[in-house]
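Enquirer: Take a look at this one; I'll ask things after.
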Amino acid sequence: MKFKNPLLVVSDLQKSKQFYKEVLGLRVIMDFGANVTLTGGIALQTKETWLEFIQAKNEEIVFGNKATELYFEENNFDSFIQKLNSLSDIHFVHPMIEHRWGQRVVRFYDPDKHIIEVGENLKSVCLRFLNAGLTKAEIAVRMDIPLKLVEKLLKEPLASFSKTDS
């Protein structure tokens, strides 16, 4: 068996496609009318057809349950935060925070209150700590990851860590 992709039920497919394009840079790669697949493998399904598929009633679909999220990593995290802060219709779960291992993240809602997390990619975190004067060994301790992973991340070119790769 092979996992194919996550599916999000949406109340307004056009609005959701626009959101994922403008905010996260995703593109439609397959469009079946009531269902689209975006780059990265995320599928969006209209609420009406989903109700039909699962033989459910409208009130059984609950948006904003805070039980799941879609996770993305961004190479240019500071620029992304500036972009996000410039958009008037973004509703934040929380502003940008730094986790205990040093990775900066932000969480916000899509139009149907699905949680989106965008984090600074780990290579960028390593580079930020390296530029702050930490040794590779100190970075490994600070981030609570193996030294070999720090060394690997610092060898890889940043371009290989693209958010649209999948």
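Each chain of the structure tokens is named A, B, ... in the order shown, its residues numbered from 1; ligands are numbered from 1 in display order.
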Could you pull out the residues in range 12-46 of chain A that DSSP calls strand (DSSP E or B) from the backbone, as a PyMOL selection string?

Expert: chain A and resi 28-31+35-38+43-46

Enquirer: Would you put the residues from that selection into a file with N, CA and C atoms, as a CSV table (one decimal), in the first residue's frame?

Expert:
chain,number,residue,atom,x,y,z
A,28,VAL,N,-2.4,24.4,-9.0
A,28,VAL,CA,-3.3,23.3,-9.3
A,28,VAL,C,-2.6,22.5,-10.4
A,29,ILE,N,-2.4,21.1,-10.1
A,29,ILE,CA,-1.8,20.3,-11.1
A,29,ILE,C,-2.8,19.3,-11.7
A,30,MET,N,-4.0,19.1,-11.0
A,30,MET,CA,-5.1,18.3,-11.5
A,30,MET,C,-6.4,18.9,-11.1
A,31,ASP,N,-7.3,19.1,-12.0
A,31,ASP,CA,-8.6,19.7,-11.7
A,31,ASP,C,-9.7,18.9,-12.2
A,35,ASN,N,-12.9,18.6,-7.2
A,35,ASN,CA,-11.7,18.1,-6.5
A,35,ASN,C,-10.5,18.6,-7.3
A,36,VAL,N,-9.5,19.2,-6.6
A,36,VAL,CA,-8.3,19.6,-7.3
A,36,VAL,C,-7.1,19.0,-6.5
A,37,THR,N,-6.0,18.8,-7.1
A,37,THR,CA,-4.8,18.4,-6.5
A,37,THR,C,-3.8,19.5,-6.7
A,38,LEU,N,-3.2,19.9,-5.6
A,38,LEU,CA,-2.2,21.0,-5.7
A,38,LEU,C,-0.8,20.5,-5.7
A,43,ALA,N,-5.0,17.6,-1.8
A,43,ALA,CA,-6.2,17.6,-2.5
A,43,ALA,C,-7.2,18.4,-1.8
A,44,LEU,N,-8.0,19.2,-2.5
A,44,LEU,CA,-9.1,20.0,-2.0
A,44,LEU,C,-10.4,19.4,-2.6
A,45,GLN,N,-11.4,19.2,-1.8
A,45,GLN,CA,-12.7,18.6,-2.2
A,45,GLN,C,-13.8,19.5,-1.7
A,46,THR,N,-14.8,19.7,-2.6
A,46,THR,CA,-15.9,20.5,-2.2
A,46,THR,C,-16.7,19.8,-1.1

Enquirer: Range 145-152 of chain A: which residues within 9 Å, counting only C-alpha atoms, same-chain residues fewer than 2 positions away excluded, as a PDB file with C-alpha atoms, in the first residue's frame?

Expert:
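This is the output file out18.pdb:
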ATOM      1  CA  TRP A 101      15.031  23.433  19.439  1.00  0.00           C
ATOM      2  CA  LEU A 122      16.242  22.950   9.566  1.00  0.00           C
ATOM      3  CA  LYS A 123      19.183  23.849   7.350  1.00  0.00           C
ATOM      4  CA  CYS A 126      21.597  25.369  11.532  1.00  0.00           C
ATOM      5  CA  LYS A 136      28.428  22.148  14.838  1.00  0.00           C
ATOM      6  CA  ALA A 137      28.510  20.176  18.079  1.00  0.00           C
ATOM      7  CA  GLU A 138      26.823  23.036  19.950  1.00  0.00           C
ATOM      8  CA  ILE A 139      24.179  23.265  17.226  1.00  0.00           C
ATOM      9  CA  ALA A 140      23.451  19.549  17.609  1.00  0.00           C
ATOM     10  CA  VAL A 141      22.961  19.983  21.349  1.00  0.00           C
ATOM     11  CA  ARG A 142      20.905  23.184  20.934  1.00  0.00           C
ATOM     12  CA  MET A 143      18.616  21.555  18.352  1.00  0.00           C
ATOM     13  CA  LEU A 154      25.204  22.212   6.454  1.00  0.00           C
ATOM     14  CA  LYS A 155      26.676  20.398   3.401  1.00  0.00           C
ATOM     15  CA  GLU A 156      23.448  20.448   1.381  1.00  0.00           C
TER      16      GLU A 156
END

Enquirer: I'd like to know which residues of chain A are alpha helix (DSSP H) (by DSSP, run on the backbone); could you write them as a VMD selection string?

Expert: chain A and resid 13 to 24 47 to 54 77 to 86 122 to 131 136 to 143 147 to 155

Enquirer: If we count only C-alpha atoms and set the cut-off at 7 Å, which residues sit around Val93 in chain A, ignoring sequence neighbours fewer than 4 positions away in its own chain? Please answer as a list in words.

Expert: Arg107, Phe108 and Tyr109 of chain A

Enquirer: Quick one: residues within 12 Å of Val106 in chain A, only C-alpha atoms counted, chain neighbours fewer than 3 positions away excluded, as a VMD selection string?

Expert: chain A and resid 69 to 74 77 to 78 80 to 82 84 to 85 90 to 99 103 109 115 to 120

Enquirer: Do you know which residues are at most 7 Å from range 11-18 of chain A counting only C-alpha atoms, after dropping those on the same chain fewer than 4 positions away, and could you put them as number ranges by chain?

Expert: A: 22, 46-47, 111-112

Enquirer: Okay, now the selection with N, CA and C atoms, as an mmCIF file, in the first residue's frame?

Expert:
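Contents of the output file again_1.cif:
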data_model
loop_
_atom_site.group_PDB
_atom_site.id
_atom_site.type_symbol
_atom_site.label_atom_id
_atom_site.label_comp_id
_atom_site.auth_asym_id
_atom_site.auth_seq_id
_atom_site.Cartn_x
_atom_site.Cartn_y
_atom_site.Cartn_z
ATOM 1 N N GLU A 22 -1.822 32.103 -3.459
ATOM 2 C CA GLU A 22 -1.265 33.392 -3.036
ATOM 3 C C GLU A 22 -0.405 33.289 -1.786
ATOM 4 N N THR A 46 -14.786 19.700 -2.583
ATOM 5 C CA THR A 46 -15.924 20.521 -2.159
ATOM 6 C C THR A 46 -16.710 19.813 -1.066
ATOM 7 N N LYS A 47 -17.230 20.612 -0.157
ATOM 8 C CA LYS A 47 -18.002 20.072 0.955
ATOM 9 C C LYS A 47 -19.221 19.303 0.455
ATOM 10 N N PRO A 111 -8.967 29.307 4.673
ATOM 11 C CA PRO A 111 -10.333 29.847 4.722
ATOM 12 C C PRO A 111 -11.345 28.986 5.483
ATOM 13 N N ASP A 112 -11.098 27.677 5.608
ATOM 14 C CA ASP A 112 -12.025 26.803 6.324
ATOM 15 C C ASP A 112 -11.519 26.416 7.706
#

Enquirer: For a test of reading the model, state the distance in Å between CA of Leu7 in chain A and CA of Asn121 in chain A, rounded to one decimal.

Expert: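 A separation of 23.9 Å between them.
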
Enquirer: Restricting the calculation to only C-alpha atoms: of A:Ala67, A:Leu153, A:Val10, A:Val23, which residue gets closest to Ser124 in chain A?

Expert: A:Leu153

Enquirer: To one decimal place in Å, what is the distance between CA of Arg104 in chain A and CA of Val125 in chain A?

Expert: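 Rounded to one decimal, the two atoms are 8.0 Å apart.
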